[in-house]
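Taking it in order: structure first as structure tokens, then the write-up.
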Amino acid sequence: MARYTGPSCRLCRREGQKLYLKGERCYTDKCAIARRGYAPGQHGQGRKKLSNYGLQLREKQKAKRFYGMLETQFRQLFERAEKMPGITGENLLRLLETRLDNAVYRMGFASSRKEARQLVRHGHFTVNGHKVDIPSFMVSVGDVIKVKEKSMSSVKFKEKAEAAANVPNWVQVNFENLEGKVVSLPTREDIDIPIAEHLIVELYSR
């Protein structure tokens, strides 16, 4: 599957805020937003008032980049959210949050979603005892995500687990056994990323 391979910091600068794509680097003075807090490119420092469509587009791009997705995959997830009962925007965020790579990140086993996606692809995790190496795999209530037995000796997992903080309410984590469990579906209050999901719904409803 296609994926973005360009510089991550460029995406943060384009959206004008930290997307936390580089893990620990985002919390240091090396962060691109701290050093060059304007959009990339020749005209990046020019101020431009956005139209309603521009605001909607930027919000959709920001959501895609937070979760590391490309347009086709994101659009398919939106269409799935539309068919679910409830509020479409909240359904979309719930689907994004329950992707395996995001769940691994939320449990503290990776310092960024990008790193979590790479770790999942390399087969470091099991779901309910079975190896799963598909980052877009959707986890459900009751699923147990665990670092694979052969990977548990890696110091980096122990270090990340010990440094983890602010684990959301919809997951429970046993850092000693390096495993986590999905105890409920995330609510809108559990999702702390700054996204106005109604703008995304408006964009796709045009």
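Ordering of the structure tokens sets the chain letters (A, B, ...); residue numbers start at 1 within each chain; ligands are numbered from 1 in the order shown.
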Selection near stretch 152-156 of chain A, 12 Å with only C-alpha atoms, sequence-local residues under 6 positions removed, as a PDB file with N, CA, C and O atoms, in the first residue's frame:
ATOM      1  N   GLY A 108       1.025   3.176  24.950  1.00  0.00           N
ATOM      2  CA  GLY A 108       2.352   3.580  25.392  1.00  0.00           C
ATOM      3  C   GLY A 108       3.482   2.701  24.899  1.00  0.00           C
ATOM      4  O   GLY A 108       4.619   2.830  25.355  1.00  0.00           O
ATOM      5  N   PHE A 109       3.204   1.813  23.942  1.00  0.00           N
ATOM      6  CA  PHE A 109       4.247   0.924  23.436  1.00  0.00           C
ATOM      7  C   PHE A 109       5.050   1.552  22.299  1.00  0.00           C
ATOM      8  O   PHE A 109       5.979   0.931  21.768  1.00  0.00           O
ATOM      9  N   ALA A 110       4.713   2.761  21.896  1.00  0.00           N
ATOM     10  CA  ALA A 110       5.448   3.491  20.863  1.00  0.00           C
ATOM     11  C   ALA A 110       5.359   4.973  21.181  1.00  0.00           C
ATOM     12  O   ALA A 110       4.390   5.432  21.796  1.00  0.00           O
ATOM     13  N   SER A 111       6.361   5.737  20.770  1.00  0.00           N
ATOM     14  CA  SER A 111       6.391   7.167  21.083  1.00  0.00           C
ATOM     15  C   SER A 111       5.626   8.008  20.065  1.00  0.00           C
ATOM     16  O   SER A 111       5.423   9.197  20.274  1.00  0.00           O
ATOM     17  N   GLU A 115       5.824   5.379  14.575  1.00  0.00           N
ATOM     18  CA  GLU A 115       6.631   4.288  15.119  1.00  0.00           C
ATOM     19  C   GLU A 115       5.758   3.071  15.407  1.00  0.00           C
ATOM     20  O   GLU A 115       6.158   1.928  15.148  1.00  0.00           O
ATOM     21  N   LEU A 119       6.254  -0.765  14.046  1.00  0.00           N
ATOM     22  CA  LEU A 119       6.375  -1.905  14.948  1.00  0.00           C
ATOM     23  C   LEU A 119       5.330  -2.970  14.637  1.00  0.00           C
ATOM     24  O   LEU A 119       5.612  -4.175  14.680  1.00  0.00           O
ATOM     25  N   HIS A 124       5.626  -7.215  15.801  1.00  0.00           N
ATOM     26  CA  HIS A 124       5.997  -7.246  17.217  1.00  0.00           C
ATOM     27  C   HIS A 124       4.805  -7.434  18.157  1.00  0.00           C
ATOM     28  O   HIS A 124       5.000  -7.552  19.366  1.00  0.00           O
ATOM     29  N   PHE A 125       3.579  -7.472  17.608  1.00  0.00           N
ATOM     30  CA  PHE A 125       2.404  -7.540  18.477  1.00  0.00           C
ATOM     31  C   PHE A 125       1.468  -8.685  18.098  1.00  0.00           C
ATOM     32  O   PHE A 125       1.398  -9.092  16.939  1.00  0.00           O
ATOM     33  N   THR A 126       0.756  -9.153  19.099  1.00  0.00           N
ATOM     34  CA  THR A 126      -0.303 -10.135  18.878  1.00  0.00           C
ATOM     35  C   THR A 126      -1.615  -9.545  19.362  1.00  0.00           C
ATOM     36  O   THR A 126      -1.648  -8.698  20.256  1.00  0.00           O
ATOM     37  N   LYS A 146      -0.741  -7.537  22.849  1.00  0.00           N
ATOM     38  CA  LYS A 146       0.437  -7.870  23.646  1.00  0.00           C
ATOM     39  C   LYS A 146       1.693  -7.858  22.789  1.00  0.00           C
ATOM     40  O   LYS A 146       1.661  -8.219  21.608  1.00  0.00           O
ATOM     41  N   GLU A 162       7.544   2.250  30.649  1.00  0.00           N
ATOM     42  CA  GLU A 162       7.805   2.955  31.903  1.00  0.00           C
ATOM     43  C   GLU A 162       7.586   4.456  31.760  1.00  0.00           C
ATOM     44  O   GLU A 162       7.205   5.143  32.708  1.00  0.00           O
ATOM     45  N   ALA A 163       7.838   4.973  30.549  1.00  0.00           N
ATOM     46  CA  ALA A 163       7.697   6.416  30.320  1.00  0.00           C
ATOM     47  C   ALA A 163       6.278   6.811  29.932  1.00  0.00           C
ATOM     48  O   ALA A 163       5.954   7.990  29.863  1.00  0.00           O
ATOM     49  N   PHE A 175       1.839  -2.876  32.275  1.00  0.00           N
ATOM     50  CA  PHE A 175       3.173  -2.581  31.767  1.00  0.00           C
ATOM     51  C   PHE A 175       4.181  -3.670  32.132  1.00  0.00           C
ATOM     52  O   PHE A 175       5.179  -3.848  31.440  1.00  0.00           O
ATOM     53  N   GLU A 176       3.904  -4.398  33.189  1.00  0.00           N
ATOM     54  CA  GLU A 176       4.828  -5.457  33.584  1.00  0.00           C
ATOM     55  C   GLU A 176       4.812  -6.599  32.581  1.00  0.00           C
ATOM     56  O   GLU A 176       5.855  -7.155  32.218  1.00  0.00           O
ATOM     57  N   ASN A 177       3.614  -6.926  32.078  1.00  0.00           N
ATOM     58  CA  ASN A 177       3.484  -8.007  31.093  1.00  0.00           C
ATOM     59  C   ASN A 177       3.488  -7.490  29.657  1.00  0.00           C
ATOM     60  O   ASN A 177       3.362  -8.281  28.717  1.00  0.00           O
ATOM     61  N   LEU A 178       3.604  -6.171  29.504  1.00  0.00           N
ATOM     62  CA  LEU A 178       3.607  -5.533  28.181  1.00  0.00           C
ATOM     63  C   LEU A 178       2.384  -5.940  27.364  1.00  0.00           C
ATOM     64  O   LEU A 178       2.481  -6.396  26.218  1.00  0.00           O
ATOM     65  N   GLU A 179       1.231  -5.778  27.962  1.00  0.00           N
ATOM     66  CA  GLU A 179      -0.011  -6.070  27.254  1.00  0.00           C
ATOM     67  C   GLU A 179      -1.085  -5.062  27.641  1.00  0.00           C
ATOM     68  O   GLU A 179      -1.040  -4.460  28.711  1.00  0.00           O
TER      69      GLU A 179
END
Proximity check stretch 93-191 of chain A to stretch 60-79 of chain A, 10 Å, nearest pairs one decimal Å, only C-alpha atoms, as a Markdown table:
| residue | atom | partner | partner_atom | distance |
| --- | --- | --- | --- | --- |
| A:Leu93 | CA | A:Ala63 | CA | 8.9 |
| A:Leu95 | CA | A:Leu77 | CA | 7.3 |
| A:Leu96 | CA | A:Tyr67 | CA | 7.1 |
| A:Glu97 | CA | A:Tyr67 | CA | 8.5 |
| A:Arg99 | CA | A:Tyr67 | CA | 9.3 |
| A:Asp101 | CA | A:Tyr67 | CA | 8.9 |
| A:Asn102 | CA | A:Tyr67 | CA | 7.4 |
| A:Ser112 | CA | A:Tyr67 | CA | 9.8 |
| A:Arg113 | CA | A:Tyr67 | CA | 6.8 |
| A:Lys114 | CA | A:Gly68 | CA | 6.9 |
| A:Arg117 | CA | A:Gly68 | CA | 8.8 |
| A:Ser136 | CA | A:Gln73 | CA | 9.4 |
Taking N, CA, C and O atoms for each residue, export the selection above as a PDB file, in the first residue's frame.
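Once written, again29.pdb looks like this:
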ATOM      1  N   LEU A  93     -13.932   9.443  14.105  1.00  0.00           N
ATOM      2  CA  LEU A  93     -12.842   9.508  15.074  1.00  0.00           C
ATOM      3  C   LEU A  93     -12.710   8.200  15.844  1.00  0.00           C
ATOM      4  O   LEU A  93     -11.600   7.746  16.142  1.00  0.00           O
ATOM      5  N   LEU A  95     -13.434   5.203  14.735  1.00  0.00           N
ATOM      6  CA  LEU A  95     -12.788   4.228  13.842  1.00  0.00           C
ATOM      7  C   LEU A  95     -11.289   4.490  13.730  1.00  0.00           C
ATOM      8  O   LEU A  95     -10.487   3.556  13.714  1.00  0.00           O
ATOM      9  N   LEU A  96     -10.913   5.755  13.664  1.00  0.00           N
ATOM     10  CA  LEU A  96      -9.493   6.101  13.589  1.00  0.00           C
ATOM     11  C   LEU A  96      -8.760   5.670  14.861  1.00  0.00           C
ATOM     12  O   LEU A  96      -7.644   5.160  14.803  1.00  0.00           O
ATOM     13  N   GLU A  97      -9.397   5.876  16.002  1.00  0.00           N
ATOM     14  CA  GLU A  97      -8.771   5.535  17.273  1.00  0.00           C
ATOM     15  C   GLU A  97      -8.614   4.031  17.463  1.00  0.00           C
ATOM     16  O   GLU A  97      -7.677   3.578  18.122  1.00  0.00           O
ATOM     17  N   ARG A  99      -7.943   1.742  15.261  1.00  0.00           N
ATOM     18  CA  ARG A  99      -6.959   1.069  14.408  1.00  0.00           C
ATOM     19  C   ARG A  99      -5.862   0.494  15.312  1.00  0.00           C
ATOM     20  O   ARG A  99      -5.522   1.069  16.348  1.00  0.00           O
ATOM     21  N   ASP A 101      -2.594   0.301  14.988  1.00  0.00           N
ATOM     22  CA  ASP A 101      -1.402   1.131  15.199  1.00  0.00           C
ATOM     23  C   ASP A 101      -1.677   2.239  16.212  1.00  0.00           C
ATOM     24  O   ASP A 101      -0.844   2.548  17.061  1.00  0.00           O
ATOM     25  N   ASN A 102      -2.879   2.831  16.161  1.00  0.00           N
ATOM     26  CA  ASN A 102      -3.203   3.876  17.125  1.00  0.00           C
ATOM     27  C   ASN A 102      -3.367   3.300  18.529  1.00  0.00           C
ATOM     28  O   ASN A 102      -2.961   3.923  19.516  1.00  0.00           O
ATOM     29  N   SER A 112       5.214   7.406  18.953  1.00  0.00           N
ATOM     30  CA  SER A 112       4.429   8.118  17.949  1.00  0.00           C
ATOM     31  C   SER A 112       3.607   7.094  17.171  1.00  0.00           C
ATOM     32  O   SER A 112       3.891   5.890  17.191  1.00  0.00           O
ATOM     33  N   ARG A 113       2.591   7.569  16.475  1.00  0.00           N
ATOM     34  CA  ARG A 113       1.784   6.660  15.654  1.00  0.00           C
ATOM     35  C   ARG A 113       2.620   6.093  14.508  1.00  0.00           C
ATOM     36  O   ARG A 113       2.422   4.966  14.097  1.00  0.00           O
ATOM     37  N   LYS A 114       3.539   6.894  14.005  1.00  0.00           N
ATOM     38  CA  LYS A 114       4.398   6.427  12.918  1.00  0.00           C
ATOM     39  C   LYS A 114       5.261   5.260  13.384  1.00  0.00           C
ATOM     40  O   LYS A 114       5.410   4.252  12.682  1.00  0.00           O
ATOM     41  N   ARG A 117       3.090   2.161  13.853  1.00  0.00           N
ATOM     42  CA  ARG A 117       2.771   1.518  12.579  1.00  0.00           C
ATOM     43  C   ARG A 117       3.928   0.631  12.112  1.00  0.00           C
ATOM     44  O   ARG A 117       3.741  -0.492  11.636  1.00  0.00           O
ATOM     45  N   SER A 136      -3.887  -1.204  10.000  1.00  0.00           N
ATOM     46  CA  SER A 136      -5.278  -0.758   9.911  1.00  0.00           C
ATOM     47  C   SER A 136      -6.262  -1.751  10.517  1.00  0.00           C
ATOM     48  O   SER A 136      -7.474  -1.520  10.486  1.00  0.00           O
TER      49      SER A 136
END
Review point. Skipping near chain neighbours, those fewer than 6 positions away, what residues fall within 12 Å of stretch 188-190 of chain A using only C-alpha atoms, listed as a PyMOL selection string?
Key: chain A and resi 87-98+106+166-171+196-197
Check your understanding: In Å to one decimal, how far is atom CA of A:Arg58 from atom CA of A:Arg121?
Key ->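 The value is 28.6 Å.
Of the listed residues (A:Leu50, A:Val173, A:Leu185, A:Val104), A:Val104 comes nearest to A:Val132; the distances count only C-alpha atoms.
One finds atom CA of A:Leu199 at 25.6 Å from atom CA of A:Tyr105.
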